[in-house]
>>> print(open('input-v1.csv').read())   # CSV, C-alpha atoms
chain,number,residue,atom,x,y,z
B,4,MET,CA,30.0,9.0,-23.4
B,5,ASP,CA,28.2,12.1,-24.5
B,6,ILE,CA,25.5,13.4,-22.2
B,7,LYS,CA,22.3,14.6,-23.9
B,8,PRO,CA,21.1,18.0,-22.6
B,9,LEU,CA,18.1,16.6,-20.7
B,10,ASP,CA,19.4,13.3,-19.7
B,11,THR,CA,19.3,14.0,-16.0
B,12,GLU,CA,20.0,10.4,-14.9
B,13,GLN,CA,23.4,10.5,-16.7
B,14,ILE,CA,24.2,13.9,-15.3
B,15,GLY,CA,23.5,12.7,-11.7
B,16,LEU,CA,25.5,9.6,-12.2
B,17,LYS,CA,28.5,11.4,-13.7
B,18,THR,CA,28.4,13.9,-10.7
B,19,LEU,CA,28.4,11.0,-8.3
B,20,GLU,CA,31.2,9.2,-10.1
B,21,LYS,CA,33.4,12.3,-10.1
B,22,HIS,CA,33.3,12.6,-6.4
B,23,LEU,CA,33.4,8.9,-5.4
B,24,ILE,CA,35.7,6.9,-7.7
B,25,ARG,CA,39.1,6.7,-6.0
B,26,SER,CA,41.6,4.1,-4.8
B,27,LYS,CA,40.4,0.9,-3.3
B,28,SER,CA,38.9,0.8,0.2
B,29,LYS,CA,40.6,-0.6,3.2
B,30,VAL,CA,38.5,-3.8,3.1
B,31,SER,CA,36.5,-5.5,0.4
B,32,LEU,CA,32.9,-5.7,1.4
B,33,LYS,CA,30.5,-8.4,0.2
B,34,ILE,CA,27.3,-6.5,-0.5
B,35,GLY,CA,23.9,-8.2,-1.2
B,36,LEU,CA,20.8,-6.9,-3.0
B,37,PRO,CA,17.9,-9.3,-2.6
B,38,LYS,CA,14.8,-8.8,-4.7
B,39,GLU,CA,12.0,-7.0,-2.8
B,40,ILE,CA,8.9,-9.1,-2.4
B,41,SER,CA,6.7,-7.2,0.0
B,42,ASN,CA,4.0,-4.6,-0.5
B,43,ASP,CA,4.5,-4.2,-4.2
B,44,GLU,CA,7.9,-2.8,-3.6
B,45,ARG,CA,9.6,-1.9,-7.0
B,46,ARG,CA,12.7,-0.1,-5.9
B,47,VAL,CA,16.2,-1.4,-5.5
B,48,SER,CA,19.0,0.1,-3.4
B,49,LEU,CA,21.7,0.5,-6.0
B,50,THR,CA,21.8,1.4,-9.7
B,51,PRO,CA,24.3,-0.2,-12.1
B,52,GLY,CA,26.3,3.0,-11.9
B,53,GLY,CA,26.5,2.7,-8.2
B,54,VAL,CA,27.6,-0.9,-8.5
B,55,SER,CA,30.4,0.2,-10.9
B,56,ILE,CA,31.6,2.7,-8.3
B,57,LEU,CA,31.7,0.1,-5.5
B,58,ARG,CA,33.5,-2.4,-7.8
B,59,ALA,CA,36.1,0.3,-8.6
B,60,ASN,CA,36.7,0.5,-4.9
B,61,GLY,CA,37.2,-3.2,-4.5
B,62,HIS,CA,33.8,-4.3,-3.2
B,63,GLU,CA,31.8,-7.4,-4.4
B,64,ILE,CA,28.1,-7.1,-5.1
B,65,PHE,CA,25.6,-9.9,-5.3
B,66,ILE,CA,22.2,-9.1,-6.7
B,67,GLU,CA,19.3,-11.5,-7.0
B,68,LYS,CA,18.1,-12.3,-10.5
B,69,HIS,CA,15.4,-9.9,-11.7
B,70,ALA,CA,15.7,-7.8,-8.5
B,71,ALA,CA,15.7,-4.5,-10.4
B,72,ASP,CA,13.2,-5.4,-13.3
B,73,ASP,CA,10.4,-3.2,-11.8
B,74,ALA,CA,12.8,-0.2,-11.7
B,75,ASN,CA,13.6,-0.8,-15.3
B,76,PHE,CA,17.2,-2.0,-14.8
B,77,THR,CA,18.2,-5.3,-16.4
B,78,ASP,CA,20.3,-8.1,-14.9
B,79,GLN,CA,22.7,-7.5,-17.9
B,80,GLU,CA,23.3,-3.9,-16.9
B,81,PHE,CA,24.2,-5.0,-13.4
B,82,ALA,CA,26.4,-7.8,-14.7
B,83,ASP,CA,28.2,-5.4,-17.0
B,84,ALA,CA,28.8,-3.1,-14.0
B,85,GLY,CA,30.5,-5.9,-12.2
B,86,ALA,CA,27.8,-7.5,-10.0
B,87,GLU,CA,27.4,-11.2,-9.7
B,88,ILE,CA,23.8,-12.4,-10.4
B,89,ALA,CA,22.5,-14.7,-7.7
B,90,TYR,CA,19.5,-17.1,-8.3
B,91,SER,CA,17.8,-16.8,-4.9
B,92,ALA,CA,17.5,-14.5,-2.0
B,93,GLU,CA,19.0,-17.2,0.2
B,94,GLU,CA,22.1,-17.3,-2.0
B,95,VAL,CA,22.4,-13.5,-1.6
B,96,PHE,CA,22.3,-13.7,2.2
B,97,LYS,CA,24.8,-16.5,2.3
B,98,LYS,CA,27.3,-14.7,0.2
B,99,SER,CA,27.0,-11.2,1.7
B,100,GLU,CA,28.1,-9.5,4.9
B,101,LEU,CA,26.2,-6.3,4.3
B,102,ILE,CA,22.6,-6.4,3.0
B,103,LEU,CA,21.0,-3.4,1.3
B,104,LYS,CA,17.2,-3.5,1.2
B,105,ILE,CA,14.3,-1.2,0.8
B,106,SER,CA,11.6,-2.8,3.0
B,107,PRO,CA,12.1,-4.5,6.3
B,108,LEU,CA,13.0,-8.2,6.2
B,109,THR,CA,10.2,-10.7,5.5
B,110,ASN,CA,9.8,-13.8,7.7
B,111,ASN,CA,11.8,-15.9,5.2
B,112,GLU,CA,14.5,-13.3,5.0
B,113,LEU,CA,14.8,-13.2,8.8
B,114,GLU,CA,15.6,-17.0,8.6
B,115,TYR,CA,18.2,-16.3,5.9
B,116,LEU,CA,20.0,-13.8,8.1
B,117,GLN,CA,23.6,-14.9,9.0
B,118,PRO,CA,25.1,-14.2,12.4
B,119,ASP,CA,26.9,-10.9,12.7
B,120,GLN,CA,25.5,-9.7,9.3
B,121,SER,CA,24.7,-6.0,8.8
B,122,ILE,CA,21.5,-4.7,7.1
B,123,ILE,CA,20.6,-1.2,5.9
B,124,SER,CA,16.9,-0.8,5.2
B,125,ALA,CA,13.7,0.9,6.2
B,126,LEU,CA,12.3,-0.3,9.5
B,127,HIS,CA,8.7,0.9,9.2
B,128,ILE,CA,8.2,1.6,12.9
B,129,GLY,CA,4.4,1.8,12.7
B,130,THR,CA,4.1,-1.8,11.6
B,131,GLN,CA,7.1,-3.4,13.3
B,132,THR,CA,7.0,-6.3,15.8
B,133,GLU,CA,8.9,-7.3,18.8
B,134,GLN,CA,9.7,-10.6,17.1
B,135,TYR,CA,11.5,-8.8,14.3
B,136,LEU,CA,13.8,-7.0,16.7
B,137,GLU,CA,14.4,-10.1,18.8
B,138,THR,CA,15.5,-12.0,15.8
B,139,LEU,CA,18.1,-9.4,14.8
B,140,THR,CA,19.5,-9.2,18.4
B,141,LYS,CA,19.7,-13.0,18.8
B,142,LYS,CA,21.7,-13.2,15.6
B,143,SER,CA,23.9,-10.3,16.6
B,144,VAL,CA,22.8,-8.4,13.4
B,145,THR,CA,23.7,-4.7,13.1
B,146,GLY,CA,20.5,-3.1,11.9
B,147,ILE,CA,20.7,0.4,10.4
B,148,GLY,CA,17.4,2.1,9.6
B,149,TYR,CA,16.7,4.7,7.0
B,150,GLU,CA,14.4,6.5,9.4
B,151,PHE,CA,17.2,7.0,11.9
B,152,ILE,CA,20.2,7.9,9.7
B,153,LYS,CA,21.0,11.5,10.7
B,154,GLY,CA,24.2,13.5,10.0
B,155,ASP,CA,25.9,16.3,11.9
B,156,ASP,CA,23.6,18.8,10.1
B,157,ARG,CA,20.6,17.1,11.8
B,158,GLU,CA,19.3,16.2,8.3
B,159,PHE,CA,17.9,12.7,7.5
B,160,PRO,CA,19.3,12.3,4.0
B,161,ILE,CA,17.5,9.1,2.9
B,162,VAL,CA,14.2,10.1,4.6
B,163,ARG,CA,14.5,13.6,3.0
B,164,MET,CA,14.9,12.1,-0.5
B,165,MET,CA,11.9,9.8,-0.1
B,166,HIS,CA,9.8,12.5,1.4
B,167,GLU,CA,10.4,14.8,-1.5
B,168,ILE,CA,9.1,12.1,-3.8
B,169,THR,CA,6.3,11.2,-1.5
B,170,GLY,CA,5.1,14.8,-1.1
B,171,SER,CA,5.0,15.4,-4.8
B,172,MET,CA,3.3,12.1,-5.6
B,173,ALA,CA,0.7,12.4,-2.8
B,174,VAL,CA,-0.9,15.3,-4.7
B,175,GLN,CA,-0.8,13.5,-8.0
B,176,ILE,CA,-2.5,10.6,-6.3
B,177,ALA,CA,-5.2,12.8,-4.7
B,178,ALA,CA,-5.9,14.4,-8.0
B,179,HIS,CA,-6.4,11.0,-9.6
B,180,TYR,CA,-8.9,9.8,-6.9
B,181,LEU,CA,-10.9,13.0,-7.0
B,182,GLU,CA,-12.0,12.0,-10.5
B,183,SER,CA,-15.6,10.7,-10.8
B,184,LEU,CA,-14.5,7.4,-12.3
B,185,ASN,CA,-12.5,6.7,-9.2
B,186,GLY,CA,-15.3,7.4,-6.8
B,187,GLY,CA,-14.2,11.0,-6.0
B,188,MET,CA,-16.1,14.3,-6.1
B,189,GLY,CA,-15.4,14.8,-9.8
B,190,ILE,CA,-13.4,18.0,-9.4
B,191,MET,CA,-10.1,19.3,-10.7
B,192,LEU,CA,-7.5,20.5,-8.2
B,193,GLY,CA,-6.9,23.7,-10.1
B,194,GLY,CA,-10.4,24.5,-11.2
B,195,ILE,CA,-10.9,26.6,-14.4
B,196,SER,CA,-12.0,30.1,-15.2
B,197,GLY,CA,-15.2,30.8,-13.3
B,198,VAL,CA,-14.9,27.6,-11.2
B,199,PRO,CA,-12.8,27.8,-8.0
B,200,PRO,CA,-10.0,25.4,-7.3
B,201,ALA,CA,-10.0,22.5,-4.9
B,202,THR,CA,-8.9,23.0,-1.2
B,203,VAL,CA,-5.9,21.0,-0.2
B,204,VAL,CA,-5.2,20.7,3.5
B,205,ILE,CA,-1.7,19.5,4.3
B,206,LEU,CA,-0.9,18.2,7.9
B,207,GLY,CA,2.7,18.9,8.6
B,208,ALA,CA,5.2,21.5,7.4
B,209,GLY,CA,8.2,19.2,7.0
B,210,ILE,CA,9.8,18.0,3.8
B,211,THR,CA,6.8,15.9,2.7
B,212,GLY,CA,4.4,18.8,3.4
B,213,GLU,CA,6.6,21.3,1.6
B,214,TYR,CA,6.8,19.2,-1.6
B,215,ALA,CA,3.1,18.4,-1.4
B,216,ALA,CA,2.4,22.2,-1.1
B,217,ARG,CA,4.7,23.0,-4.0
B,218,THR,CA,2.9,20.4,-6.2
B,219,ALA,CA,-0.6,21.4,-5.1
B,220,LEU,CA,0.2,25.1,-5.9
B,221,GLY,CA,1.5,24.0,-9.3
B,222,TYR,CA,-1.8,22.4,-9.9
B,223,GLY,CA,-3.5,25.7,-9.0
B,224,ALA,CA,-5.2,24.4,-5.8
B,225,GLN,CA,-5.9,26.5,-2.7
B,226,VAL,CA,-3.4,25.2,-0.1
B,227,PHE,CA,-3.7,25.2,3.7
B,228,VAL,CA,-0.7,23.9,5.7
B,229,MET,CA,-1.1,23.0,9.4
B,230,ASP,CA,1.4,22.1,12.0
B,231,THR,CA,2.1,22.4,15.8
B,232,ASP,CA,5.5,24.0,15.1
B,233,LEU,CA,5.1,27.7,14.4
B,234,THR,CA,8.8,27.9,13.3
B,235,ALA,CA,8.2,25.3,10.6
B,236,LEU,CA,5.0,27.1,9.4
B,237,ARG,CA,6.9,30.4,9.2
B,238,ARG,CA,9.7,28.8,7.3
B,239,LEU,CA,7.4,27.2,4.8
B,240,GLU,CA,5.3,30.3,4.4
B,241,ASN,CA,8.4,32.3,3.6
B,242,ALA,CA,9.8,29.7,1.2
B,243,LEU,CA,6.6,29.6,-0.8
B,244,ASP,CA,6.3,33.4,-0.9
B,245,ARG,CA,3.1,33.4,1.3
B,246,ARG,CA,1.1,31.6,-1.4
B,247,ILE,CA,-0.2,29.2,1.2
B,248,ILE,CA,-2.4,29.7,4.2
B,249,THR,CA,-1.0,28.4,7.5
B,250,ALA,CA,-2.6,27.6,10.8
B,251,VAL,CA,-1.7,25.9,14.1
B,252,ALA,CA,-2.8,22.3,14.1
B,253,ASN,CA,-5.1,22.5,17.1
B,254,HIS,CA,-8.6,20.9,17.4
B,255,GLN,CA,-10.5,24.0,16.4
B,256,TYR,CA,-8.5,24.8,13.3
B,257,LEU,CA,-8.3,21.1,12.2
B,258,SER,CA,-12.1,20.6,12.6
B,259,SER,CA,-12.8,23.7,10.6
B,260,ALA,CA,-10.3,23.1,7.8
B,261,LEU,CA,-11.4,19.4,7.3
B,262,GLN,CA,-15.0,20.4,6.8
B,263,TYR,CA,-14.0,22.4,3.7
B,264,ALA,CA,-11.2,20.1,2.5
B,265,ASP,CA,-11.4,18.3,-0.8
B,266,VAL,CA,-8.0,16.7,-0.2
B,267,VAL,CA,-6.1,16.0,3.1
B,268,ILE,CA,-2.5,15.1,2.9
B,269,GLY,CA,-1.2,13.5,6.2
B,270,ALA,CA,2.4,14.4,6.5
B,271,ALA,CA,3.1,14.7,10.2
B,272,PRO,CA,5.9,12.3,11.1
B,273,SER,CA,7.6,12.1,14.4
B,274,GLU,CA,11.4,11.6,14.5
B,275,GLY,CA,12.2,8.0,15.2
B,276,ASP,CA,8.7,7.3,16.8
B,277,ARG,CA,5.1,6.8,15.9
B,278,SER,CA,3.5,9.7,14.1
B,279,PRO,CA,1.0,11.8,16.1
B,280,CYS,CA,-2.6,11.2,15.3
B,281,TRP,CA,-4.0,14.7,14.6
B,282,VAL,CA,-7.3,13.8,12.9
B,283,THR,CA,-10.0,12.1,14.9
B,284,GLU,CA,-12.7,9.9,13.5
B,285,ASP,CA,-15.3,12.6,14.2
B,286,MET,CA,-13.3,15.0,12.0
B,287,VAL,CA,-13.4,12.5,9.2
B,288,ILE,CA,-17.1,12.0,9.6
B,289,GLY,CA,-17.5,15.7,9.1
B,290,MET,CA,-15.6,15.7,5.8
B,291,LYS,CA,-17.2,16.0,2.3
B,292,SER,CA,-18.5,12.9,0.6
B,293,GLY,CA,-16.0,11.8,-2.1
B,294,SER,CA,-13.1,13.8,-0.6
B,295,VAL,CA,-9.7,12.2,-0.4
B,296,ILE,CA,-7.2,11.5,2.4
B,297,VAL,CA,-3.6,10.5,1.5
B,298,ASP,CA,-1.9,9.5,4.7
B,299,THR,CA,1.8,9.5,3.8
B,300,VAL,CA,3.0,8.6,7.3
B,301,ILE,CA,1.1,5.3,7.6
B,302,ASP,CA,4.4,3.5,7.9
B,303,GLN,CA,4.8,5.3,11.3
B,304,GLY,CA,1.2,4.5,12.3
B,305,GLY,CA,-0.6,7.3,10.4
B,306,CYS,CA,-1.8,10.7,11.5
B,307,VAL,CA,-5.5,10.1,10.7
B,308,ALA,CA,-7.5,7.9,13.1
B,309,THR,CA,-9.3,6.1,10.3
B,310,SER,CA,-6.2,5.2,8.4
B,311,ARG,CA,-5.0,1.6,8.0
B,312,ALA,CA,-2.1,0.4,5.8
B,313,THR,CA,-3.0,-0.5,2.2
B,314,THR,CA,-0.9,-1.7,-0.8
B,315,HIS,CA,-0.2,-0.6,-4.4
B,316,SER,CA,-2.3,-3.5,-5.5
B,317,ASN,CA,-5.3,-2.5,-3.4
B,318,PRO,CA,-4.5,1.1,-2.5
B,319,ILE,CA,-7.7,2.6,-1.3
B,320,PHE,CA,-10.7,2.0,1.0
B,321,MET,CA,-13.8,4.1,1.8
B,322,GLU,CA,-14.5,5.1,5.3
B,323,HIS,CA,-17.4,7.5,6.2
B,324,GLU,CA,-17.7,8.2,2.5
B,325,VAL,CA,-14.1,9.5,2.3
B,326,ILE,CA,-11.5,7.9,0.1
B,327,HIS,CA,-8.4,6.8,2.1
B,328,TYR,CA,-5.1,6.1,0.3
B,329,CYS,CA,-2.7,4.7,2.9
B,330,VAL,CA,0.2,3.0,1.0
B,331,PRO,CA,3.4,3.0,3.1
B,332,ASN,CA,5.8,2.9,0.3
B,333,ILE,CA,4.5,5.6,-2.1
B,334,PRO,CA,7.9,6.2,-3.8
B,335,ALA,CA,7.8,2.6,-5.1
B,336,ASN,CA,5.5,3.8,-7.9
B,337,ALA,CA,8.3,6.1,-9.1
B,338,ALA,CA,10.8,3.2,-8.8
B,339,ARG,CA,13.5,4.4,-11.2
B,340,THR,CA,13.6,7.9,-9.8
B,341,ALA,CA,13.6,6.6,-6.2
B,342,THR,CA,16.3,4.1,-7.0
B,343,TYR,CA,18.6,6.8,-8.3
B,344,ALA,CA,17.8,8.9,-5.2
B,345,LEU,CA,18.6,6.0,-2.8
B,346,ASN,CA,21.8,5.1,-4.8
B,347,ASN,CA,23.1,8.6,-4.5
B,348,VAL,CA,22.8,8.6,-0.7
B,349,LEU,CA,23.8,5.0,0.0
B,350,VAL,CA,26.9,4.6,-2.1
B,351,PRO,CA,28.9,7.2,0.0
B,352,TYR,CA,27.9,5.4,3.2
B,353,VAL,CA,29.0,2.0,1.8
B,354,LEU,CA,32.3,3.5,0.7
B,355,ALA,CA,32.7,5.0,4.2
B,356,ILE,CA,32.2,1.5,5.7
B,357,GLY,CA,34.8,0.0,3.4
B,358,ASP,CA,37.3,2.9,4.0
B,359,ALA,CA,36.9,2.5,7.8
B,360,GLY,CA,37.6,-1.3,7.6
B,361,GLY,CA,34.0,-2.5,8.3
B,362,VAL,CA,30.7,-1.6,9.9
B,363,LYS,CA,32.0,-1.7,13.5
B,364,GLU,CA,35.0,0.5,12.7
B,365,CYS,CA,32.8,2.9,10.7
B,366,LEU,CA,30.4,3.4,13.6
B,367,TRP,CA,33.2,5.0,15.5
B,368,GLU,CA,33.6,7.9,13.1
B,369,ASN,CA,30.4,8.1,11.0
B,370,VAL,CA,27.8,10.0,13.0
B,371,ALA,CA,25.0,9.4,10.5
B,372,LEU,CA,25.4,5.6,10.5
B,373,ARG,CA,25.8,5.5,14.3
B,374,ASN,CA,22.6,7.4,14.7
B,375,GLY,CA,21.0,5.0,12.2
B,376,THR,CA,21.8,1.9,14.2
B,377,TYR,CA,19.0,0.3,16.1
B,378,THR,CA,20.4,-3.1,16.8
B,379,TYR,CA,24.1,-3.9,17.5
B,380,LYS,CA,25.9,-6.9,19.0
B,381,LYS,CA,22.8,-8.5,20.5
B,382,HIS,CA,21.4,-5.2,21.9
B,383,LEU,CA,18.6,-2.9,20.9
B,384,THR,CA,20.1,0.6,20.7
B,385,LYS,CA,17.1,2.9,20.3
B,386,LYS,CA,15.2,4.1,23.4
B,387,SER,CA,12.0,4.8,21.3
B,388,LEU,CA,11.9,1.2,20.2
B,389,ALA,CA,12.6,-0.1,23.7
B,390,ASN,CA,9.7,1.9,25.1
B,391,MET,CA,7.4,0.8,22.3
B,392,PHE,CA,8.0,-2.9,22.8
B,393,ASP,CA,9.1,-2.9,26.5
B,394,MET,CA,12.5,-4.2,25.7
B,395,PRO,CA,15.9,-3.4,27.2
B,396,TYR,CA,18.3,-1.3,25.3
B,397,ARG,CA,21.8,0.1,25.5
B,398,GLU,CA,23.2,3.3,24.0
B,399,ILE,CA,25.2,2.6,20.8
B,400,GLU,CA,28.0,4.9,22.0
B,401,MET,CA,28.4,2.9,25.2
B,402,LEU,CA,28.6,-0.4,23.2
B,403,ILE,CA,31.2,1.0,20.8
B,404,ALA,CA,33.3,2.5,23.6
B,405,SER,CA,33.3,-0.8,25.5
B,406,GLN,CA,34.5,-2.4,22.3
B,407,ILE,CA,31.9,-5.2,22.5
>>> encode(input="input-v1.csv", output="structure tokens")
Amino acid sequence: MDIKPLDTEQIGLKTLEKHLIRSKSKVSLKIGLPKEISNDERRVSLTPGGVSILRANGHEIFIEKHAADDANFTDQEFADAGAEIAYSAEEVFKKSELILKISPLTNNELEYLQPDQSIISALHIGTQTEQYLETLTKKSVTGIGYEFIKGDDREFPIVRMMHEITGSMAVQIAAHYLESLNGGMGIMLGGISGVPPATVVILGAGITGEYAARTALGYGAQVFVMDTDLTALRRLENALDRRIITAVANHQYLSSALQYADVVIGAAPSEGDRSPCWVTEDMVIGMKSGSVIVDTVIDQGGCVATSRATTHSNPIFMEHEVIHYCVPNIPANAARTATYALNNVLVPYVLAIGDAGGVKECLWENVALRNGTYTYKKHLTKKSLANMFDMPYREIEMLIASQI
């Protein structure tokens, strides 16, 4: 099939296929893709192209009917790629040994879980419950969280992909809510000749912060980036050719910056834990009327004291005359792009599981998936989660070594 010069989706798929299509895996996995039903989630974990690669390696894929409609993939495309269309989430869970999801399981899905199943999905630490983790451990489910998957290079590949999308979209969202019709100050991010640009304050110099800064600079805004990590600030300042202003995120600088901010992008995550709360309620009270806060780490608890989780259906609320946008799954609004991004990261991991002979065997050799595991064989395996919920835990390495 010919590839058109600007057909980036096809180019990405062909590149993935070139590296991944090979002989059949050691075991045939039964992989389930239930339809996402929470928080206006529109993404799906695999594309039809990803399904065709897994089928070529001997795996079976069950996808719930209409699961990918909102990402603009049809059931027929998945069927043509070799997936079996299931007519309910319960059917998907019953037929599958490995579940690939975007959002954490809903209460109904927790009931559908089969003993000794494996699930790869986001965990959303900031909104998670003890009951959720207890259900997984009681059913001896192996839970692998997007937030924890980290390779030898210390990168979080799935988190990075989603953070790139989130950072870029956060600025687009802020620009939208700055408009008068949406209750904002009625200003443009980039200004015009004779009218100065908006001031965008970005909290965090990580991946989300970097892509937010790049996008805000593209709009023509004046960009401040604040972090507690001087090395991260220095790296970002150099990467963006000193077109941003950086400052240490202490109380003095934060209070001063927020008084002048038209937009605040909260992008200060904490690895495998709740995000730090850098912005106090008093700082929000001191902000301009009609300014906008986009808290991109609300799934980890948020880094602004006045933040509370919202949804795509009802994305904003007003607090102290400041617009707050606190949707935990921002990339869901770029569902097709985000699905391709997830597919490109997940397919190699699923192939690795098949090549190793199953999830248990793969955890021996795959550092990223082993780091990603938070429940295994009736045990919680993350100290941060154990501390958060006052639950016992055991190191995953010890459990694997003891061949439990």
>>> closest_atom_pairs(input="input-v1.csv", of="stretch 217-317 of chain B", to="stretch 191-198 of chain B", cutoff="12 Å", atoms="all atoms listed in the file", output="Markdown table")
| residue | atom | partner | partner_atom | distance |
| --- | --- | --- | --- | --- |
| B:Thr218 | CA | B:Leu192 | CA | 10.6 |
| B:Ala219 | CA | B:Leu192 | CA | 7.6 |
| B:Leu220 | CA | B:Gly193 | CA | 8.4 |
| B:Gly221 | CA | B:Gly193 | CA | 8.4 |
| B:Tyr222 | CA | B:Gly193 | CA | 5.3 |
| B:Gly223 | CA | B:Gly193 | CA | 4.1 |
| B:Ala224 | CA | B:Gly193 | CA | 4.7 |
| B:Gln225 | CA | B:Gly193 | CA | 8.0 |
| B:Val226 | CA | B:Leu192 | CA | 10.2 |
| B:Ala264 | CA | B:Leu192 | CA | 11.3 |
| B:Asp265 | CA | B:Leu192 | CA | 8.6 |
| B:Val266 | CA | B:Leu192 | CA | 8.9 |
| B:Ser294 | CA | B:Leu192 | CA | 11.6 |
| B:Val295 | CA | B:Leu192 | CA | 11.6 |
>>> closest_residue(input="input-v1.csv", among="B:Ser143, B:Thr340, B:Ser387, B:Ser91", to="B:Glu167", atoms="all atoms listed in the file")
B:Thr340
>>> closest_residue(input="input-v1.csv", among="B:Glu114, B:Glu67, B:Glu400, B:Asp298", to="B:Glu87", atoms="only C-alpha atoms")
B:Glu67
>>> atom_distance(input="input-v1.csv", atom1="atom CA of B:Pro331", atom2="atom CA of B:Tyr214")
17.2 Å
>>> atom_distance(input="input-v1.csv", atom1="atom CA of B:Ser273", atom2="atom CA of B:Gln120")
28.7 Å
>>> residues_around(input="input-v1.csv", residues="B:Gly207", least_positions_apart="2", cutoff="6 Å", atoms="all atoms listed in the file", output="JSON, numbers by chain")
{"B": [209, 212, 229, 230, 270, 271]}
>>> atom_distance(input="input-v1.csv", atom1="atom CA of B:Ala92", atom2="atom CA of B:Asn347")
23.9 Å
>>> residues_near_point(input="input-v1.csv", point="(-7.3, 11.1, 8.2)", cutoff="10 Å", atoms="only C-alpha atoms", output="short mmCIF file (atom, residue, chain, number, x, y, z; two decimals) with C-alpha atoms, keeping the file's coordinate frame")
data_model
loop_
_atom_site.label_atom_id
_atom_site.label_comp_id
_atom_site.auth_asym_id
_atom_site.auth_seq_id
_atom_site.Cartn_x
_atom_site.Cartn_y
_atom_site.Cartn_z
CA LEU B 206 -0.90 18.20 7.90
CA LEU B 261 -11.40 19.40 7.30
CA VAL B 267 -6.10 16.00 3.10
CA ILE B 268 -2.50 15.10 2.90
CA GLY B 269 -1.20 13.50 6.20
CA CYS B 280 -2.60 11.20 15.30
CA TRP B 281 -4.00 14.70 14.60
CA VAL B 282 -7.30 13.80 12.90
CA THR B 283 -10.00 12.10 14.90
CA GLU B 284 -12.70 9.90 13.50
CA MET B 286 -13.30 15.00 12.00
CA VAL B 287 -13.40 12.50 9.20
CA ILE B 288 -17.10 12.00 9.60
CA MET B 290 -15.60 15.70 5.80
CA VAL B 295 -9.70 12.20 -0.40
CA ILE B 296 -7.20 11.50 2.40
CA VAL B 297 -3.60 10.50 1.50
CA ASP B 298 -1.90 9.50 4.70
CA GLY B 305 -0.60 7.30 10.40
CA CYS B 306 -1.80 10.70 11.50
CA VAL B 307 -5.50 10.10 10.70
CA ALA B 308 -7.50 7.90 13.10
CA THR B 309 -9.30 6.10 10.30
CA SER B 310 -6.20 5.20 8.40
CA ARG B 311 -5.00 1.60 8.00
CA GLU B 322 -14.50 5.10 5.30
CA VAL B 325 -14.10 9.50 2.30
CA ILE B 326 -11.50 7.90 0.10
CA HIS B 327 -8.40 6.80 2.10
CA TYR B 328 -5.10 6.10 0.30
CA CYS B 329 -2.70 4.70 2.90
#
>>> residues_around(input="input-v1.csv", residues="B:Leu139", least_positions_apart="4", cutoff="9 Å", atoms="all atoms listed in the file", output="list in words")
Leu113, Leu116, Pro118, Gln134, Tyr135, Ser143, Val144, Thr145, Gly146, Thr378, Tyr379, Lys381, His382 and Leu383 of chain B
>>> closest_residue(input="input-v1.csv", among="B:Thr138, B:Leu388, B:Ala208, B:Asp393", to="B:Leu233", atoms="all atoms listed in the file")
B:Ala208
>>> residues_around(input="input-v1.csv", residues="stretch 39-43 of chain B", least_positions_apart="5", cutoff="9 Å", atoms="all atoms listed in the file", output="JSON, numbers by chain")
{"B": [70, 71, 104, 105, 106, 107, 108, 109, 313, 314, 315, 316, 330, 331, 332, 335, 336]}
>>> residues_around(input="input-v1.csv", residues="B:Arg163", least_positions_apart="5", cutoff="9 Å", atoms="all atoms listed in the file", output="list in words")
Glu158, Ile168, Ile210 and Thr211 of chain B
>>> closest_residue(input="input-v1.csv", among="B:Ile152, B:Ala371, B:Leu36, B:Ile123", to="B:Lys97", atoms="all atoms listed in the file")
B:Leu36
>>> residues_near_point(input="input-v1.csv", point="(19.5, 10.8, 16.6)", cutoff="7 Å", atoms="all atoms listed in the file", output="PyMOL selection string")
chain B and resi 151+153+374
>>> residues_around(input="input-v1.csv", residues="B:Asn346", least_positions_apart="6", cutoff="8 Å", atoms="only C-alpha atoms", output="ChimeraX atom specification")
/B:48-50,53
>>> closest_residue(input="input-v1.csv", among="B:Leu366, B:Ile64, B:Ala337, B:Val162", to="B:Glu44", atoms="all atoms listed in the file")
B:Ala337
>>> decode(input="input-v1.csv", residues="stretch 315-328 of chain B", atoms="C-alpha atoms", output="JSON list (two decimals), in the first residue's frame")
[["chain", "number", "residue", "atom", "x", "y", "z"],
["B", 315, "HIS", "CA", -14.71, 16.18, 29.88],
["B", 316, "SER", "CA", -18.50, 16.52, 30.14],
["B", 317, "ASN", "CA", -18.20, 19.12, 32.91],
["B", 318, "PRO", "CA", -14.55, 20.20, 32.73],
["B", 319, "ILE", "CA", -14.35, 23.47, 34.67],
["B", 320, "PHE", "CA", -15.40, 25.15, 37.87],
["B", 321, "MET", "CA", -14.84, 28.66, 39.25],
["B", 322, "GLU", "CA", -13.06, 29.11, 42.56],
["B", 323, "HIS", "CA", -12.06, 32.56, 43.86],
["B", 324, "GLU", "CA", -12.98, 33.94, 40.39],
["B", 325, "VAL", "CA", -10.33, 31.71, 38.77],
["B", 326, "ILE", "CA", -11.31, 29.12, 36.16],
["B", 327, "HIS", "CA", -10.10, 25.62, 37.11],
["B", 328, "TYR", "CA", -9.78, 22.86, 34.50]]
